[in-house]
$ cat start-v7.cif   # mmCIF, C-alpha atoms (C1' of nucleotides)
data_data
#
loop_
_atom_site.label_atom_id
_atom_site.label_comp_id
_atom_site.auth_asym_id
_atom_site.auth_seq_id
_atom_site.Cartn_x
_atom_site.Cartn_y
_atom_site.Cartn_z
CA MET B 1 -58.18 -90.05 34.75
CA ALA B 2 -61.01 -87.71 34.76
CA ARG B 3 -62.74 -87.06 31.59
CA ALA B 4 -62.93 -83.65 32.91
CA ARG B 5 -61.94 -80.87 30.66
CA LYS B 6 -60.98 -77.78 32.34
CA ARG B 7 -61.32 -74.46 30.80
CA LEU B 8 -58.57 -73.69 28.51
CA ALA B 9 -56.78 -70.67 29.29
CA GLY B 10 -56.60 -67.60 27.47
CA ALA B 11 -56.64 -67.42 23.83
CA ALA B 12 -56.26 -70.68 22.22
CA GLY B 13 -55.45 -72.14 19.02
CA PRO B 14 -52.41 -73.88 17.87
CA ASP B 15 -49.36 -71.86 17.93
CA LYS B 16 -46.05 -71.74 16.41
CA LYS B 17 -43.54 -70.64 18.73
CA GLY B 18 -45.13 -68.96 21.52
CA PRO B 19 -44.10 -65.91 23.33
CA GLU B 20 -41.66 -67.94 25.29
CA GLY B 21 -38.09 -67.21 24.95
CA LYS B 22 -37.86 -63.90 26.53
CA ARG B 23 -38.92 -65.04 29.88
CA THR B 24 -36.34 -63.55 31.99
CA LYS B 25 -37.78 -61.63 34.68
CA THR B 26 -37.10 -63.73 37.75
CA LYS B 27 -36.51 -62.60 41.18
CA ASN B 28 -33.05 -63.96 41.43
CA GLU B 29 -32.51 -63.50 45.09
CA CYS B 30 -34.75 -66.40 45.87
CA GLU B 31 -32.91 -68.47 43.44
CA ALA B 32 -33.93 -71.66 41.97
CA SER B 33 -37.03 -72.33 43.90
CA ALA B 34 -40.08 -70.43 43.02
CA LYS B 35 -39.44 -68.71 39.85
CA VAL B 36 -42.32 -68.18 37.70
CA GLU B 37 -40.97 -67.66 34.36
CA ASN B 38 -43.63 -65.67 32.90
CA SER B 39 -44.09 -62.23 31.75
CA GLY B 40 -44.07 -59.30 33.98
CA LEU B 41 -47.09 -60.36 35.86
CA GLN B 42 -46.77 -60.15 39.56
CA GLU B 43 -44.24 -57.47 39.25
CA THR B 44 -43.62 -56.59 42.80
CA SER B 45 -43.32 -58.49 45.97
CA GLU B 46 -44.61 -61.97 46.28
CA ALA B 47 -41.93 -64.18 45.01
CA SER B 48 -39.21 -62.08 46.40
CA GLU B 49 -40.45 -61.35 49.82
CA ASP B 50 -39.95 -64.76 51.29
CA CYS B 51 -36.74 -66.41 50.54
CA GLY B 52 -36.91 -67.93 53.94
CA LYS B 53 -39.71 -70.39 54.17
CA ASN B 54 -42.87 -69.52 52.48
CA LEU B 55 -41.99 -69.98 48.95
CA ASN B 56 -45.55 -71.04 48.95
CA ARG B 57 -47.67 -69.51 46.38
CA TYR B 58 -51.40 -69.38 46.05
CA TRP B 59 -53.40 -69.92 42.92
CA LEU B 60 -56.73 -69.36 41.26
CA MET B 61 -57.89 -71.76 38.57
CA LYS B 62 -60.92 -71.25 36.37
CA SER B 63 -63.31 -73.90 35.19
CA GLU B 64 -66.73 -73.77 33.61
CA PRO B 65 -69.53 -75.23 35.73
CA GLU B 66 -72.14 -75.11 32.99
CA SER B 67 -72.32 -77.27 29.90
CA ARG B 68 -70.76 -75.96 26.74
CA LEU B 69 -69.69 -77.90 23.72
CA GLU B 70 -66.26 -77.46 22.30
CA LYS B 71 -65.65 -79.50 19.19
CA GLY B 72 -68.56 -81.65 20.21
CA VAL B 73 -67.23 -82.29 23.70
CA ASP B 74 -68.80 -80.91 26.84
CA VAL B 75 -66.20 -78.92 28.74
CA LYS B 76 -68.31 -78.52 31.85
CA PHE B 77 -66.41 -79.15 35.07
CA SER B 78 -67.71 -77.70 38.31
CA ILE B 79 -66.45 -78.04 41.83
CA GLU B 80 -69.18 -80.63 42.35
CA ASP B 81 -67.67 -82.58 39.51
CA LEU B 82 -64.30 -82.41 41.24
CA LYS B 83 -65.83 -83.72 44.47
CA ALA B 84 -67.30 -86.62 42.55
CA GLN B 85 -63.95 -87.78 41.15
CA PRO B 86 -62.15 -90.75 42.64
CA LYS B 87 -60.12 -89.42 45.56
CA GLN B 88 -61.71 -86.08 44.71
CA THR B 89 -58.74 -85.58 42.45
CA THR B 90 -58.41 -84.69 38.80
CA CYS B 91 -55.82 -83.68 36.28
CA TRP B 92 -56.16 -80.09 35.16
CA ASP B 93 -55.97 -80.55 31.43
CA GLY B 94 -56.68 -78.29 28.51
CA VAL B 95 -54.67 -75.22 29.38
CA ARG B 96 -53.41 -73.83 26.09
CA ASN B 97 -51.95 -70.49 26.94
CA TYR B 98 -48.26 -70.04 27.65
CA GLN B 99 -48.59 -67.75 30.58
CA ALA B 100 -51.08 -70.03 32.26
CA ARG B 101 -48.94 -73.04 31.47
CA ASN B 102 -45.94 -71.45 33.09
CA PHE B 103 -47.91 -70.94 36.24
CA LEU B 104 -48.91 -74.60 36.19
CA ARG B 105 -45.24 -75.48 35.97
CA ALA B 106 -44.43 -73.27 38.94
CA MET B 107 -46.92 -75.02 41.21
CA LYS B 108 -45.58 -77.05 44.11
CA LEU B 109 -47.08 -79.94 46.05
CA GLU B 110 -49.59 -78.93 48.68
CA GLU B 111 -50.04 -75.39 47.49
CA ASP B 112 -53.57 -74.06 47.73
CA ALA B 113 -55.72 -72.97 44.84
CA PHE B 114 -59.14 -71.42 44.59
CA PHE B 115 -61.59 -73.18 42.30
CA TYR B 116 -63.20 -70.42 40.27
CA HIS B 117 -66.42 -70.84 38.30
CA SER B 118 -66.27 -68.93 35.04
CA ASN B 119 -68.45 -68.32 32.01
CA CYS B 120 -71.62 -69.02 33.92
CA ARG B 121 -74.55 -67.31 35.55
CA LYS B 122 -72.83 -67.01 38.91
CA PRO B 123 -69.13 -66.47 38.40
CA GLY B 124 -66.95 -66.54 41.49
CA ILE B 125 -64.90 -68.60 43.89
CA ALA B 126 -66.57 -71.84 44.85
CA GLY B 127 -63.99 -73.67 46.91
CA LEU B 128 -60.48 -74.67 47.73
CA MET B 129 -58.25 -77.35 46.34
CA LYS B 130 -54.59 -78.23 46.58
CA ILE B 131 -51.88 -79.36 44.22
CA VAL B 132 -51.22 -83.08 44.62
CA LYS B 133 -49.02 -83.67 41.59
CA GLU B 134 -46.65 -81.19 40.03
CA ALA B 135 -46.56 -80.43 36.33
CA TYR B 136 -46.31 -83.23 33.78
CA PRO B 137 -47.31 -83.47 30.13
CA ASP B 138 -50.97 -82.94 29.33
CA HIS B 139 -51.90 -86.07 27.38
CA THR B 140 -54.84 -84.41 25.68
CA GLN B 141 -52.52 -82.43 23.45
CA PHE B 142 -51.78 -85.68 21.58
CA GLU B 143 -55.37 -86.92 21.36
CA LYS B 144 -56.92 -86.14 18.03
CA ASN B 145 -60.41 -86.29 19.42
CA SER B 146 -59.72 -83.93 22.24
CA PRO B 147 -60.98 -80.39 21.91
CA HIS B 148 -57.53 -79.45 23.09
CA TYR B 149 -55.57 -81.48 20.57
CA ASP B 150 -52.46 -79.65 19.41
CA PRO B 151 -51.00 -81.14 16.25
CA SER B 152 -47.93 -78.97 16.60
CA SER B 153 -46.88 -80.60 19.84
CA LYS B 154 -44.55 -83.60 19.68
CA GLU B 155 -44.40 -86.50 22.08
CA ASP B 156 -40.70 -86.07 22.61
CA ASN B 157 -41.13 -82.43 23.43
CA PRO B 158 -44.59 -81.79 24.83
CA LYS B 159 -45.71 -78.24 24.74
CA TRP B 160 -48.47 -78.29 27.33
CA SER B 161 -48.51 -79.30 30.96
CA MET B 162 -51.02 -80.12 33.64
CA VAL B 163 -51.06 -80.73 37.38
CA ASP B 164 -53.29 -82.87 39.56
CA VAL B 165 -55.51 -81.13 42.05
CA GLN B 166 -57.54 -82.45 44.96
CA PHE B 167 -60.67 -81.02 46.51
CA VAL B 168 -60.09 -79.51 49.93
CA ARG B 169 -63.36 -77.85 50.86
CA MET B 170 -66.16 -75.64 49.65
CA MET B 171 -65.98 -72.01 50.55
CA LYS B 172 -68.09 -71.38 53.62
CA ARG B 173 -70.05 -69.20 51.28
CA PHE B 174 -69.68 -68.68 47.57
CA ILE B 175 -67.65 -65.54 46.85
CA PRO B 176 -69.12 -63.87 43.78
CA LEU B 177 -66.99 -62.14 41.21
CA ALA B 178 -68.99 -58.96 41.67
CA GLU B 179 -68.04 -58.84 45.33
CA LEU B 180 -64.37 -59.37 44.57
CA LYS B 181 -64.57 -56.64 41.99
CA THR B 182 -66.10 -54.22 44.45
CA HIS B 183 -63.21 -54.82 46.83
CA HIS B 184 -60.68 -54.62 44.02
CA GLN B 185 -61.96 -51.23 43.02
CA ALA B 186 -62.02 -49.94 46.56
CA HIS B 187 -58.54 -51.27 47.19
CA ARG B 188 -57.15 -49.54 44.17
CA ALA B 189 -57.95 -46.31 45.93
CA THR B 190 -56.99 -47.36 49.44
CA GLY B 191 -54.07 -49.64 48.73
CA GLY B 192 -55.90 -52.67 50.07
CA PRO B 193 -54.95 -56.28 49.46
CA LEU B 194 -56.89 -56.83 46.25
CA LYS B 195 -55.58 -53.77 44.47
CA ASN B 196 -53.52 -55.76 41.98
CA MET B 197 -55.50 -58.97 41.83
CA VAL B 198 -54.68 -60.71 38.57
CA LEU B 199 -58.30 -61.69 38.05
CA PHE B 200 -58.92 -58.06 37.18
CA THR B 201 -55.59 -56.93 35.84
CA ARG B 202 -55.15 -59.80 33.38
CA GLN B 203 -58.42 -60.82 31.92
CA ARG B 204 -58.79 -64.21 30.38
CA LEU B 205 -55.91 -65.81 32.22
CA SER B 206 -57.31 -69.12 33.49
CA VAL B 207 -54.49 -70.05 35.85
CA GLN B 208 -53.17 -67.25 37.97
CA PRO B 209 -51.16 -66.54 41.12
CA LEU B 210 -52.37 -64.78 44.23
CA THR B 211 -50.31 -63.19 46.90
CA ARG B 212 -50.68 -64.40 50.44
CA GLU B 213 -52.39 -61.14 51.26
CA GLU B 214 -54.92 -61.64 48.48
CA PHE B 215 -55.50 -65.23 49.51
CA ASP B 216 -55.97 -64.38 53.17
CA PHE B 217 -58.24 -61.47 52.44
CA ILE B 218 -60.50 -63.62 50.29
CA LEU B 219 -60.66 -66.25 53.01
CA SER B 220 -61.66 -63.54 55.46
CA LEU B 221 -64.63 -62.70 53.25
CA GLU B 222 -66.12 -66.09 54.06
CA GLU B 223 -66.90 -64.86 57.55
CA LYS B 224 -68.60 -61.71 56.38
CA GLU B 225 -72.04 -61.04 55.15
CA PRO B 226 -72.32 -60.81 51.40
CA SER B 227 -71.83 -57.22 50.45
"C1'" DG P 1 -76.65 -63.09 22.66
"C1'" DC P 2 -73.67 -59.02 22.79
"C1'" DC P 3 -69.38 -57.31 22.80
"C1'" DA P 4 -64.89 -55.58 25.07
"C1'" DA P 5 -60.48 -57.34 25.98
"C1'" DC P 6 -56.70 -59.40 24.29
"C1'" DG P 7 -53.72 -63.33 22.44
"C1'" DT P 8 -52.51 -65.23 17.87
"C1'" DT P 9 -51.86 -65.28 12.94
"C1'" DG P 10 -49.96 -63.98 8.82
"C1'" DG P 11 -49.14 -60.45 5.13
"C1'" DC P 12 -45.99 -57.19 4.19
"C1'" DG E 1 -40.94 -56.67 13.37
"C1'" DC E 2 -45.28 -54.07 12.65
"C1'" DC E 3 -49.98 -54.34 12.83
"C1'" DA E 4 -54.72 -55.44 11.05
"C1'" DA E 5 -57.69 -59.26 10.93
"C1'" DC E 6 -59.30 -62.85 13.40
"C1'" DG E 7 -60.66 -66.01 17.14
"C1'" DT E 8 -61.48 -66.80 21.98
"C1'" DT E 9 -62.65 -65.56 26.75
"C1'" DG E 10 -65.92 -64.56 29.77
"C1'" DG E 11 -68.83 -60.90 32.14
"C1'" DC E 12 -73.11 -58.97 31.66
#
$ encode --input "start-v7.cif" --output "structure tokens"
Amino acid sequence: MARARKRLAGAAGPDKKGPEGKRTKTKNECEASAKVENSGLQETSEASEDCGKNLNRYWLMKSEPESRLEKGVDVKFSIEDLKAQPKQTTCWDGVRNYQARNFLRAMKLEEDAFFYHSNCRKPGIAGLMKIVKEAYPDHTQFEKNSPHYDPSSKEDNPKWSMVDVQFVRMMKRFIPLAELKTHHQAHRATGGPLKNMVLFTRQRLSVQPLTREEFDFILSLEEKEPS
DNA sequence: GCCAACGTTGGC
DNA sequence: GCCAACGTTGGC
């Protein structure tokens, strides 16, 4: 059950109603399957380009590898902590942002996700994990002692979700945020694969999608010398 | 520790 | 429904 507390996502705090509702965007042509009902994030491509087989999506999930107390509870959870879990699996609890939650709900079994270290001395991508259980209610929203307790959420209509993730491997080398940013900035000029990477276009979003091109490009960086 | 970015709250 | 105040995220 992992005591682990992942980083909550985005602004926090209890809420009332949430910017839900007007989630309409959808890519209709692909129908039912992979629709991420969230704002106008990944505007173009992605979801729509592969109605055929790869409805697969790729993800980046942030967690804090260094100790920090939140309501008296240490929220530290690094990739080493994930490796140390039974079956190297944990539930990704504590996400309290609607956009991030909607991405959690869009995740499918076996999809890949980068494990990102945030709010630390060396921010960046540390490793790879995969989704091993699709979205279900985050129990910590009902736990009064949890830093992520949400008194406005009711058991018969849970507001927040989580998925289970399993460690896959470490990156062959750690990919620092600064390096990703350098590529992002270059790609904005050249039209390269990281030009729209959500890590830079939507700050503070702790669960985010990547395109296949972004995912593959980042994997290719493993083979290169640090820039 | 600073502070920019940005989501949320609540008065009006 | 606008928008200023406020709180959080997270790099530096």
$ closest_residue --input "start-v7.cif" --among "B:Asp164, B:Asp216, B:Glu80, B:Glu64" --to "DG10 of chain E" --atoms "only C-alpha atoms (C1' of nucleotides)"
B:Glu64
$ interface_residues --input "start-v7.cif" --of "chain P" --to "chain B" --cutoff "10 Å" --atoms "only C-alpha atoms (C1' of nucleotides)" --output "PDB file with C-alpha atoms (C1' of nucleotides), keeping the file's coordinate frame"
ATOM      1  C1'  DA P   5     -60.480 -57.340  25.980  1.00  0.00           C
ATOM      2  C1'  DC P   6     -56.700 -59.400  24.290  1.00  0.00           C
ATOM      3  C1'  DG P   7     -53.720 -63.330  22.440  1.00  0.00           C
ATOM      4  C1'  DT P   8     -52.510 -65.230  17.870  1.00  0.00           C
ATOM      5  C1'  DT P   9     -51.860 -65.280  12.940  1.00  0.00           C
TER       6       DT P   9
END
$ residues_around --input "start-v7.cif" --residues "Ser78 of chain B" --least-positions-apart "6" --cutoff "8 Å" --atoms "all atoms listed in the file" --output "short mmCIF file (atom, residue, chain, number, x, y, z; two decimals) with C-alpha atoms, in the frame of the given file"
data_model
loop_
_atom_site.label_atom_id
_atom_site.label_comp_id
_atom_site.auth_asym_id
_atom_site.auth_seq_id
_atom_site.Cartn_x
_atom_site.Cartn_y
_atom_site.Cartn_z
CA SER B 63 -63.31 -73.90 35.19
CA GLU B 64 -66.73 -73.77 33.61
CA PRO B 65 -69.53 -75.23 35.73
CA GLU B 66 -72.14 -75.11 32.99
CA HIS B 117 -66.42 -70.84 38.30
#
$ atom_distance --input "start-v7.cif" --atom1 "atom CA of Leu60 of chain B" --atom2 "atom CA of Glu143 of chain B"
26.6 Å
$ atom_distance --input "start-v7.cif" --atom1 "atom CA of Thr90 of chain B" --atom2 "atom CA of Gln166 of chain B"
6.6 Å
$ residues_near_point --input "start-v7.cif" --point "(-75.4, -56.3, 34.5)" --cutoff "12 Å" --atoms "all atoms listed in the file" --output "PyMOL selection string"
(chain B and resi 121-122+178) or (chain E and resi 11-12)
$ residues_around --input "start-v7.cif" --residues "Ser161 of chain B" --least-positions-apart "6" --cutoff "7 Å" --atoms "all atoms listed in the file" --output "number ranges by chain"
B: 101, 135-138
$ resolve_selection --input "start-v7.cif" --expression "the PyMOL selection byres ((chain B and resi 211) around 10)" --output "list in words"
Gln42, Ser45, Glu46, Ala47, Asn56, Arg57, Tyr58, Trp59, Pro193, Leu194, Asn196, Met197, Val198, Pro209, Leu210, Arg212, Glu213, Glu214, Phe215, Asp216 and Phe217 of chain B
$ residues_around --input "start-v7.cif" --residues "Met61 of chain B" --least-positions-apart "5" --cutoff "12 Å" --atoms "only C-alpha atoms (C1' of nucleotides)" --output "PyMOL selection string"
chain B and resi 6-10+77-79+92-93+95+100-101+103-104+107+112-118+124-131+162-163+165+198-199+204-210
$ atom_distance --input "start-v7.cif" --atom1 "atom CA of Ser67 of chain B" --atom2 "atom CA of Leu177 of chain B"
19.6 Å
$ residues_around --input "start-v7.cif" --residues "Lys87 of chain B" --least-positions-apart "4" --cutoff "10 Å" --atoms "all atoms listed in the file" --output "list of chain:residue names"
B:Leu82, B:Lys83, B:Gln166, B:Phe167
$ decode --input "start-v7.cif" --residues "segment 34-143 of chain B" --atoms "C-alpha atoms" --output "mmCIF file, in the first residue's frame"
data_model
loop_
_atom_site.group_PDB
_atom_site.id
_atom_site.type_symbol
_atom_site.label_atom_id
_atom_site.label_comp_id
_atom_site.auth_asym_id
_atom_site.auth_seq_id
_atom_site.Cartn_x
_atom_site.Cartn_y
_atom_site.Cartn_z
ATOM 1 C CA ALA B 34 -8.253 7.499 -25.623
ATOM 2 C CA LYS B 35 -9.978 10.648 -24.890
ATOM 3 C CA VAL B 36 -8.389 12.818 -22.445
ATOM 4 C CA GLU B 37 -11.022 15.011 -21.225
ATOM 5 C CA ASN B 38 -9.034 17.876 -20.204
ATOM 6 C CA SER B 39 -8.556 21.330 -21.282
ATOM 7 C CA GLY B 40 -7.001 22.282 -24.482
ATOM 8 C CA LEU B 41 -3.702 20.805 -23.644
ATOM 9 C CA GLN B 42 -2.211 18.699 -26.321
ATOM 10 C CA GLU B 43 -4.061 20.573 -28.911
ATOM 11 C CA THR B 44 -2.784 19.034 -32.027
ATOM 12 C CA SER B 45 -1.905 15.597 -33.104
ATOM 13 C CA GLU B 46 -1.274 12.883 -30.620
ATOM 14 C CA ALA B 47 -4.588 11.494 -29.754
ATOM 15 C CA SER B 48 -5.914 11.869 -33.195
ATOM 16 C CA GLU B 49 -3.116 10.581 -35.262
ATOM 17 C CA ASP B 50 -3.475 6.944 -34.427
ATOM 18 C CA CYS B 51 -6.911 5.589 -34.475
ATOM 19 C CA GLY B 52 -5.448 2.387 -35.697
ATOM 20 C CA LYS B 53 -3.362 0.769 -33.063
ATOM 21 C CA ASN B 54 -1.256 2.977 -30.978
ATOM 22 C CA LEU B 55 -3.747 4.591 -28.833
ATOM 23 C CA ASN B 56 -0.858 4.326 -26.511
ATOM 24 C CA ARG B 57 0.051 7.413 -24.745
ATOM 25 C CA TYR B 58 3.158 8.312 -22.847
ATOM 26 C CA TRP B 59 3.325 10.090 -19.543
ATOM 27 C CA LEU B 60 5.534 12.052 -17.216
ATOM 28 C CA MET B 61 4.848 11.980 -13.502
ATOM 29 C CA LYS B 62 6.534 14.183 -10.930
ATOM 30 C CA SER B 63 7.575 13.201 -7.453
ATOM 31 C CA GLU B 64 9.821 14.799 -4.881
ATOM 32 C CA PRO B 65 12.968 12.834 -4.072
ATOM 33 C CA GLU B 66 13.974 14.991 -1.125
ATOM 34 C CA SER B 67 12.295 15.181 2.258
ATOM 35 C CA ARG B 68 9.710 17.858 2.781
ATOM 36 C CA LEU B 69 7.013 17.982 5.395
ATOM 37 C CA GLU B 70 3.466 18.633 4.422
ATOM 38 C CA LYS B 71 1.119 18.805 7.375
ATOM 39 C CA GLY B 72 3.722 16.974 9.358
ATOM 40 C CA VAL B 73 4.083 14.163 6.848
ATOM 41 C CA ASP B 74 7.160 13.610 4.734
ATOM 42 C CA VAL B 75 6.157 13.605 1.084
ATOM 43 C CA LYS B 76 9.508 12.389 -0.171
ATOM 44 C CA PHE B 77 9.247 9.658 -2.789
ATOM 45 C CA SER B 78 12.154 9.059 -5.137
ATOM 46 C CA ILE B 79 12.641 6.468 -7.813
ATOM 47 C CA GLU B 80 14.781 4.569 -5.320
ATOM 48 C CA ASP B 81 11.789 4.503 -3.028
ATOM 49 C CA LEU B 82 9.715 3.058 -5.850
ATOM 50 C CA LYS B 83 12.303 0.342 -6.445
ATOM 51 C CA ALA B 84 12.157 -0.545 -2.777
ATOM 52 C CA GLN B 85 8.397 -1.142 -2.763
ATOM 53 C CA PRO B 86 6.994 -4.653 -2.820
ATOM 54 C CA LYS B 87 6.836 -5.694 -6.464
ATOM 55 C CA GLN B 88 8.428 -2.316 -7.148
ATOM 56 C CA THR B 89 4.890 -1.043 -7.392
ATOM 57 C CA THR B 90 3.063 1.795 -5.707
ATOM 58 C CA CYS B 91 -0.177 3.688 -5.899
ATOM 59 C CA TRP B 92 0.252 7.232 -7.144
ATOM 60 C CA ASP B 93 -1.737 9.080 -4.543
ATOM 61 C CA GLY B 94 -2.076 12.713 -3.656
ATOM 62 C CA VAL B 95 -2.853 14.272 -6.998
ATOM 63 C CA ARG B 96 -5.226 17.142 -6.293
ATOM 64 C CA ASN B 97 -5.494 19.006 -9.521
ATOM 65 C CA TYR B 98 -8.274 18.353 -12.000
ATOM 66 C CA GLN B 99 -6.206 18.437 -15.108
ATOM 67 C CA ALA B 100 -3.677 16.033 -13.658
ATOM 68 C CA ARG B 101 -6.447 13.812 -12.367
ATOM 69 C CA ASN B 102 -8.003 13.600 -15.789
ATOM 70 C CA PHE B 103 -4.727 12.422 -17.206
ATOM 71 C CA LEU B 104 -4.549 9.745 -14.520
ATOM 72 C CA ARG B 105 -7.991 8.610 -15.596
ATOM 73 C CA ALA B 106 -6.902 8.418 -19.216
ATOM 74 C CA MET B 107 -4.008 6.081 -18.474
ATOM 75 C CA LYS B 108 -4.182 2.531 -19.784
ATOM 76 C CA LEU B 109 -2.504 -0.648 -18.613
ATOM 77 C CA GLU B 110 1.082 -1.036 -19.729
ATOM 78 C CA GLU B 111 1.557 2.518 -20.853
ATOM 79 C CA ASP B 112 4.967 3.980 -20.125
ATOM 80 C CA ALA B 113 5.674 6.913 -17.873
ATOM 81 C CA PHE B 114 8.799 8.828 -17.011
ATOM 82 C CA PHE B 115 9.535 9.212 -13.316
ATOM 83 C CA TYR B 116 10.484 12.858 -12.874
ATOM 84 C CA HIS B 117 12.271 14.231 -9.820
ATOM 85 C CA SER B 118 10.969 17.656 -8.907
ATOM 86 C CA ASN B 119 11.554 20.306 -6.280
ATOM 87 C CA CYS B 120 15.062 19.117 -5.592
ATOM 88 C CA ARG B 121 18.667 19.943 -6.283
ATOM 89 C CA LYS B 122 18.796 17.889 -9.453
ATOM 90 C CA PRO B 123 15.452 18.022 -11.199
ATOM 91 C CA GLY B 124 14.996 15.768 -14.198
ATOM 92 C CA ILE B 125 13.967 12.379 -15.503
ATOM 93 C CA ALA B 126 15.277 9.528 -13.408
ATOM 94 C CA GLY B 127 13.671 6.447 -14.878
ATOM 95 C CA LEU B 128 10.840 4.606 -16.478
ATOM 96 C CA MET B 129 7.769 2.987 -15.039
ATOM 97 C CA LYS B 130 4.554 1.569 -16.409
ATOM 98 C CA ILE B 131 0.904 1.674 -15.489
ATOM 99 C CA VAL B 132 -0.156 -1.586 -13.852
ATOM 100 C CA LYS B 133 -3.583 -0.579 -12.579
ATOM 101 C CA GLU B 134 -5.909 1.917 -14.160
ATOM 102 C CA ALA B 135 -7.574 4.722 -12.260
ATOM 103 C CA TYR B 136 -9.487 4.022 -9.063
ATOM 104 C CA PRO B 137 -10.373 6.187 -6.075
ATOM 105 C CA ASP B 138 -7.479 7.670 -4.128
ATOM 106 C CA HIS B 139 -8.152 6.540 -0.564
ATOM 107 C CA THR B 140 -6.097 9.329 0.946
ATOM 108 C CA GLN B 141 -8.792 11.853 0.118
ATOM 109 C CA PHE B 142 -10.891 10.307 2.919
ATOM 110 C CA GLU B 143 -8.111 10.045 5.496
#
